[in-house]
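Okay, input01.csv now, which holds CSV, N, CA, C and O atoms:
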```
chain,number,residue,atom,x,y,z
A,30,GLU,N,2.0,-30.0,24.8
A,30,GLU,CA,1.2,-31.2,25.0
A,30,GLU,C,2.2,-32.3,25.2
A,30,GLU,O,3.1,-32.5,24.5
A,31,GLY,N,1.9,-33.1,26.3
A,31,GLY,CA,2.7,-34.2,26.6
A,31,GLY,C,4.2,-33.9,26.8
A,31,GLY,O,5.0,-34.7,26.6
A,32,GLY,N,4.4,-32.7,27.3
A,32,GLY,CA,5.8,-32.3,27.6
A,32,GLY,C,6.5,-31.7,26.3
A,32,GLY,O,7.7,-31.3,26.4
A,33,ALA,N,5.9,-31.7,25.2
A,33,ALA,CA,6.5,-31.2,24.0
A,33,ALA,C,5.9,-29.8,23.7
A,33,ALA,O,4.8,-29.5,23.9
A,34,THR,N,6.8,-29.0,23.2
A,34,THR,CA,6.4,-27.6,22.8
A,34,THR,C,6.6,-27.5,21.3
A,34,THR,O,7.7,-28.0,20.8
A,35,ALA,N,5.7,-27.0,20.6
A,35,ALA,CA,5.8,-26.9,19.1
A,35,ALA,C,5.5,-25.4,18.7
A,35,ALA,O,5.0,-24.6,19.5
A,36,GLY,N,5.9,-25.1,17.5
A,36,GLY,CA,5.8,-23.7,17.1
A,36,GLY,C,5.5,-23.7,15.6
A,36,GLY,O,5.8,-24.6,14.8
A,37,GLY,N,4.8,-22.6,15.2
A,37,GLY,CA,4.5,-22.4,13.8
A,37,GLY,C,4.4,-20.9,13.6
A,37,GLY,O,3.8,-20.2,14.5
A,38,ALA,N,4.9,-20.3,12.5
A,38,ALA,CA,4.8,-18.9,12.3
A,38,ALA,C,4.5,-18.6,10.8
A,38,ALA,O,4.9,-19.3,10.0
A,39,ARG,N,3.7,-17.6,10.6
A,39,ARG,CA,3.4,-17.1,9.3
A,39,ARG,C,3.2,-15.6,9.3
A,39,ARG,O,2.9,-15.0,10.3
A,40,VAL,N,3.3,-15.0,8.1
A,40,VAL,CA,3.2,-13.6,8.0
A,40,VAL,C,1.8,-13.3,7.4
A,40,VAL,O,1.3,-14.0,6.5
A,41,PRO,N,1.0,-12.4,8.1
A,41,PRO,CA,-0.3,-12.1,7.6
A,41,PRO,C,-0.2,-11.6,6.1
A,41,PRO,O,0.7,-10.9,5.7
A,42,ASP,N,-1.2,-12.1,5.3
A,42,ASP,CA,-1.1,-11.8,3.9
A,42,ASP,C,-2.3,-10.9,3.5
A,42,ASP,O,-3.5,-11.2,3.8
A,43,ALA,N,-2.0,-9.8,2.8
A,43,ALA,CA,-3.0,-8.8,2.4
A,43,ALA,C,-4.1,-9.5,1.5
A,43,ALA,O,-5.2,-9.1,1.5
A,44,ARG,N,-3.7,-10.5,0.8
A,44,ARG,CA,-4.6,-11.2,-0.1
A,44,ARG,C,-5.8,-11.8,0.7
A,44,ARG,O,-6.9,-11.9,0.2
A,45,TYR,N,-5.6,-12.1,1.9
A,45,TYR,CA,-6.7,-12.6,2.8
A,45,TYR,C,-7.2,-11.6,3.8
A,45,TYR,O,-7.9,-11.9,4.7
A,46,ASP,N,-6.8,-10.3,3.5
A,46,ASP,CA,-7.2,-9.2,4.4
A,46,ASP,C,-6.8,-9.5,5.9
A,46,ASP,O,-7.5,-9.2,6.8
A,47,ALA,N,-5.6,-10.1,6.0
A,47,ALA,CA,-5.1,-10.4,7.3
A,47,ALA,C,-4.2,-9.4,7.9
A,47,ALA,O,-3.4,-8.7,7.2
A,48,THR,N,-4.3,-9.2,9.2
A,48,THR,CA,-3.4,-8.3,9.9
A,48,THR,C,-2.8,-9.2,11.1
A,48,THR,O,-3.3,-10.3,11.4
A,49,ARG,N,-1.8,-8.7,11.7
A,49,ARG,CA,-1.2,-9.4,12.8
A,49,ARG,C,-2.2,-9.6,13.9
A,49,ARG,O,-2.3,-10.7,14.5
A,50,GLU,N,-3.1,-8.6,14.1
A,50,GLU,CA,-4.1,-8.7,15.1
A,50,GLU,C,-5.2,-9.8,14.8
A,50,GLU,O,-5.6,-10.6,15.6
A,51,SER,N,-5.6,-9.8,13.5
A,51,SER,CA,-6.6,-10.7,13.1
A,51,SER,C,-6.1,-12.2,13.1
A,51,SER,O,-6.8,-13.1,13.5
A,52,VAL,N,-4.9,-12.4,12.7
A,52,VAL,CA,-4.3,-13.7,12.7
A,52,VAL,C,-4.1,-14.2,14.2
A,52,VAL,O,-4.5,-15.3,14.5
A,53,THR,N,-3.6,-13.3,15.0
A,53,THR,CA,-3.5,-13.7,16.5
A,53,THR,C,-4.8,-14.1,17.1
A,53,THR,O,-5.0,-15.0,17.8
A,54,ALA,N,-5.9,-13.3,16.8
A,54,ALA,CA,-7.2,-13.5,17.3
A,54,ALA,C,-7.7,-14.9,16.8
A,54,ALA,O,-8.4,-15.6,17.5
A,55,GLN,N,-7.5,-15.2,15.5
A,55,GLN,CA,-7.9,-16.5,15.0
A,55,GLN,C,-7.2,-17.7,15.7
A,55,GLN,O,-7.9,-18.7,16.0
A,56,ILE,N,-5.9,-17.5,15.9
A,56,ILE,CA,-5.2,-18.6,16.6
A,56,ILE,C,-5.6,-18.7,18.0
A,56,ILE,O,-5.9,-19.9,18.4
A,57,GLU,N,-5.7,-17.6,18.7
A,57,GLU,CA,-6.1,-17.7,20.1
A,57,GLU,C,-7.5,-18.1,20.3
A,57,GLU,O,-7.9,-18.7,21.4
A,58,GLY,N,-8.4,-17.9,19.3
A,58,GLY,CA,-9.8,-18.2,19.5
A,58,GLY,C,-10.1,-19.6,19.0
A,58,GLY,O,-11.3,-20.0,19.1
A,59,GLY,N,-9.1,-20.4,18.6
A,59,GLY,CA,-9.4,-21.7,18.2
A,59,GLY,C,-9.6,-22.7,19.3
A,59,GLY,O,-9.1,-22.5,20.4
A,60,PRO,N,-10.3,-23.8,19.0
A,60,PRO,CA,-10.5,-24.8,20.1
A,60,PRO,C,-9.2,-25.6,20.4
A,60,PRO,O,-8.3,-25.7,19.6
A,61,GLU,N,-9.1,-26.1,21.6
A,61,GLU,CA,-7.9,-26.9,22.0
A,61,GLU,C,-8.2,-28.3,21.5
A,61,GLU,O,-9.3,-28.8,21.3
A,62,GLY,N,-7.1,-29.0,21.2
A,62,GLY,CA,-7.2,-30.4,20.8
A,62,GLY,C,-7.6,-30.7,19.4
A,62,GLY,O,-7.9,-31.8,19.0
A,63,VAL,N,-7.5,-29.7,18.6
A,63,VAL,CA,-7.8,-29.8,17.2
A,63,VAL,C,-6.7,-30.6,16.5
A,63,VAL,O,-5.6,-30.5,16.8
A,64,SER,N,-7.1,-31.5,15.5
A,64,SER,CA,-6.2,-32.3,14.7
A,64,SER,C,-5.8,-31.5,13.4
A,64,SER,O,-6.5,-30.5,13.1
A,65,ARG,N,-4.8,-31.9,12.8
A,65,ARG,CA,-4.4,-31.3,11.5
A,65,ARG,C,-5.6,-31.5,10.5
A,65,ARG,O,-5.9,-30.5,9.8
A,66,GLU,N,-6.2,-32.6,10.5
A,66,GLU,CA,-7.3,-32.9,9.6
A,66,GLU,C,-8.5,-32.0,9.9
A,66,GLU,O,-9.1,-31.5,9.0
A,67,GLY,N,-8.8,-31.9,11.2
A,67,GLY,CA,-9.9,-31.1,11.6
A,67,GLY,C,-9.7,-29.6,11.4
A,67,GLY,O,-10.7,-28.8,11.3
A,68,LEU,N,-8.5,-29.2,11.3
A,68,LEU,CA,-8.2,-27.7,11.2
A,68,LEU,C,-8.7,-27.2,9.9
A,68,LEU,O,-9.2,-26.0,9.9
A,69,TYR,N,-8.8,-27.9,8.8
A,69,TYR,CA,-9.2,-27.4,7.6
A,69,TYR,C,-10.7,-27.1,7.5
A,69,TYR,O,-11.2,-26.3,6.8
A,70,ASP,N,-11.5,-27.7,8.4
A,70,ASP,CA,-12.9,-27.5,8.5
A,70,ASP,C,-13.2,-26.3,9.5
A,70,ASP,O,-14.2,-25.7,9.5
A,71,LEU,N,-12.2,-25.9,10.3
A,71,LEU,CA,-12.4,-24.9,11.3
A,71,LEU,C,-11.9,-23.5,10.9
A,71,LEU,O,-12.4,-22.5,11.3
A,72,ARG,N,-10.9,-23.4,10.0
A,72,ARG,CA,-10.3,-22.2,9.6
A,72,ARG,C,-10.2,-22.0,8.1
A,72,ARG,O,-9.8,-23.0,7.5
A,73,PRO,N,-10.4,-20.9,7.6
A,73,PRO,CA,-10.2,-20.6,6.2
A,73,PRO,C,-8.7,-20.6,5.8
A,73,PRO,O,-7.9,-20.4,6.7
A,74,ALA,N,-8.3,-20.8,4.6
A,74,ALA,CA,-6.9,-20.7,4.2
A,74,ALA,C,-6.4,-19.3,4.6
A,74,ALA,O,-7.1,-18.3,4.6
A,75,GLY,N,-5.2,-19.3,5.1
A,75,GLY,CA,-4.5,-18.0,5.5
A,75,GLY,C,-3.5,-18.3,6.5
A,75,GLY,O,-3.1,-19.4,6.8
A,76,ALA,N,-2.9,-17.2,7.0
A,76,ALA,CA,-1.8,-17.2,7.9
A,76,ALA,C,-2.1,-18.0,9.2
A,76,ALA,O,-1.3,-18.7,9.7
A,77,ALA,N,-3.3,-17.8,9.8
A,77,ALA,CA,-3.6,-18.4,11.0
A,77,ALA,C,-3.7,-19.9,10.9
A,77,ALA,O,-3.1,-20.7,11.7
A,78,ARG,N,-4.4,-20.4,9.9
A,78,ARG,CA,-4.5,-21.8,9.7
A,78,ARG,C,-3.1,-22.4,9.4
A,78,ARG,O,-2.7,-23.5,9.9
A,79,ASN,N,-2.3,-21.7,8.6
A,79,ASN,CA,-1.0,-22.2,8.2
A,79,ASN,C,-0.1,-22.3,9.4
A,79,ASN,O,0.7,-23.3,9.6
A,80,ALA,N,-0.1,-21.3,10.3
A,80,ALA,CA,0.7,-21.3,11.5
A,80,ALA,C,0.3,-22.5,12.4
A,80,ALA,O,1.2,-23.2,13.0
A,81,VAL,N,-1.0,-22.7,12.6
A,81,VAL,CA,-1.4,-23.8,13.5
A,81,VAL,C,-1.1,-25.1,12.9
A,81,VAL,O,-0.7,-26.0,13.5
A,82,ASP,N,-1.3,-25.2,11.6
A,82,ASP,CA,-1.0,-26.5,10.9
A,82,ASP,C,0.5,-26.8,11.0
A,82,ASP,O,0.9,-27.9,11.3
A,83,SER,N,1.4,-25.8,10.9
A,83,SER,CA,2.8,-26.0,11.1
A,83,SER,C,3.1,-26.4,12.5
A,83,SER,O,4.0,-27.3,12.7
A,84,ALA,N,2.5,-25.8,13.4
A,84,ALA,CA,2.7,-26.2,14.8
A,84,ALA,C,2.3,-27.6,15.1
A,84,ALA,O,2.9,-28.4,15.8
A,85,LEU,N,1.1,-28.0,14.5
A,85,LEU,CA,0.6,-29.4,14.7
A,85,LEU,C,1.6,-30.4,14.1
A,85,LEU,O,1.8,-31.5,14.7
A,86,TRP,N,2.1,-30.1,12.9
A,86,TRP,CA,3.1,-31.0,12.3
A,86,TRP,C,4.3,-31.1,13.2
A,86,TRP,O,4.9,-32.2,13.5
A,87,ASP,N,4.8,-29.9,13.7
A,87,ASP,CA,6.0,-29.9,14.6
A,87,ASP,C,5.7,-30.7,15.9
A,87,ASP,O,6.6,-31.5,16.3
A,88,LEU,N,4.5,-30.6,16.4
A,88,LEU,CA,4.2,-31.3,17.7
A,88,LEU,C,4.2,-32.8,17.4
A,88,LEU,O,4.7,-33.6,18.1
A,89,GLU,N,3.5,-33.2,16.3
A,89,GLU,CA,3.5,-34.6,16.0
A,89,GLU,C,4.9,-35.2,15.7
A,89,GLU,O,5.2,-36.3,16.2
A,90,ALA,N,5.7,-34.5,15.1
A,90,ALA,CA,7.1,-34.9,14.8
A,90,ALA,C,7.9,-35.1,16.1
A,90,ALA,O,8.5,-36.1,16.4
A,91,LYS,N,7.7,-34.1,17.0
A,91,LYS,CA,8.4,-34.2,18.3
A,91,LYS,C,7.9,-35.3,19.2
A,91,LYS,O,8.7,-36.0,19.8
A,92,ARG,N,6.6,-35.6,19.2
A,92,ARG,CA,6.1,-36.6,20.0
A,92,ARG,C,6.4,-38.0,19.5
A,92,ARG,O,6.6,-38.9,20.2
A,93,SER,N,6.6,-38.1,18.1
A,93,SER,CA,6.9,-39.4,17.5
A,93,SER,C,8.3,-39.7,17.4
A,93,SER,O,8.7,-40.8,17.1
A,94,GLY,N,9.2,-38.6,17.5
A,94,GLY,CA,10.6,-38.8,17.3
A,94,GLY,C,11.0,-38.9,15.8
A,94,GLY,O,12.0,-39.4,15.5
A,95,LYS,N,10.1,-38.5,14.9
A,95,LYS,CA,10.3,-38.6,13.5
A,95,LYS,C,10.4,-37.1,12.9
A,95,LYS,O,10.0,-36.2,13.6
A,96,ARG,N,10.9,-37.1,11.7
A,96,ARG,CA,11.0,-35.8,11.0
A,96,ARG,C,9.6,-35.6,10.3
A,96,ARG,O,8.9,-36.5,9.9
A,97,VAL,N,9.3,-34.3,10.1
A,97,VAL,CA,8.0,-34.0,9.4
A,97,VAL,C,7.9,-34.6,8.1
A,97,VAL,O,6.9,-35.2,7.7
A,98,TRP,N,9.0,-34.6,7.3
A,98,TRP,CA,8.9,-35.2,5.9
A,98,TRP,C,8.7,-36.7,6.0
A,98,TRP,O,8.0,-37.3,5.1
A,99,ASP,N,9.2,-37.4,7.1
A,99,ASP,CA,8.9,-38.8,7.2
A,99,ASP,C,7.4,-39.0,7.5
A,99,ASP,O,6.8,-39.9,7.0
A,100,LEU,N,6.8,-38.2,8.4
A,100,LEU,CA,5.4,-38.3,8.7
A,100,LEU,C,4.5,-38.1,7.5
A,100,LEU,O,3.5,-38.7,7.3
A,101,ALA,N,5.0,-37.2,6.6
A,101,ALA,CA,4.2,-36.8,5.4
A,101,ALA,C,4.5,-37.8,4.3
A,101,ALA,O,3.9,-37.7,3.2
A,102,GLY,N,5.5,-38.7,4.5
A,102,GLY,CA,5.8,-39.7,3.4
A,102,GLY,C,6.5,-39.0,2.2
A,102,GLY,O,6.4,-39.4,1.1
A,103,ARG,N,7.3,-38.0,2.5
A,103,ARG,CA,8.0,-37.2,1.5
A,103,ARG,C,9.5,-37.4,1.7
A,103,ARG,O,10.0,-37.6,2.8
A,104,PRO,N,10.2,-37.2,0.6
A,104,PRO,CA,11.7,-37.3,0.7
A,104,PRO,C,12.2,-36.0,1.4
A,104,PRO,O,11.5,-35.0,1.4
A,105,GLU,N,13.4,-36.2,2.1
A,105,GLU,CA,13.9,-35.0,2.8
A,105,GLU,C,14.2,-33.9,1.9
A,105,GLU,O,13.9,-32.7,2.1
```

Would it be possible to restate this file's structure as structure tokens?
Amino acid sequence: EGGATAGGARVPDARYDATRESVTAQIEGGPEGVSREGLYDLRPAGAARNAVDSALWDLEAKRSGKRVWDLAGRPE
């Protein structure tokens, strides 16, 4: 987005009955342009939501030129 590439990765967790295939399908089946805040209403807790959330944090950090912890108001 806007020339920036972001990434996020998570391991499927048996606690959520997740598999590599189910997590990939959830990520690929999601809407474009979702915000971090909106993500929580679209996906249940689990690897897919966590991976997308991580990627959205990464994208926001790259676009703003700030570190994720600065965006979150947390110490390094």

### Task
Identify, on the basis of all atoms listed in the file, every residue whose closest approach to Asn79 of chain A does not exceed 7 Å; exclude the query and any residue fewer than 6 positions from it along the same chain; express the result as a VMD selection string.
chain A and resid 37 to 39 73 85

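Atom to atom, atom CA of Ala74 of chain A and atom O of Gly59 of chain A stand 16.4 Å apart.
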
Coordinates of box centre and edge lengths for segment 62-71 of chain A, 8 Å on every side, axis-aligned, as lines of an AutoDock Vina configuration file:
```
center_x = -9.3
center_y = -27.7
center_z = 14.0
size_x = 25.8
size_y = 26.4
size_z = 30.4
```

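Atom O of Lys91 of chain A lies 8.1 Å from atom O of Thr34 of chain A.
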
### Query
In file coordinates, which residues lie within 10 Å of (-5.2, -16.6, 9.4) using only C-alpha atoms, given as a PyMOL selection string?
chain A and resi 39-42+45-56+72-81

### Query
atom CA of Ser64 of chain A and atom CA of Ser93 of chain A are how many Å apart?
15.2 Å

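Considering only C-alpha atoms, the residue among A:Glu61, A:Gly67, A:Val97, A:Arg92 positioned nearest to Gly32 of chain A is A:Arg92.
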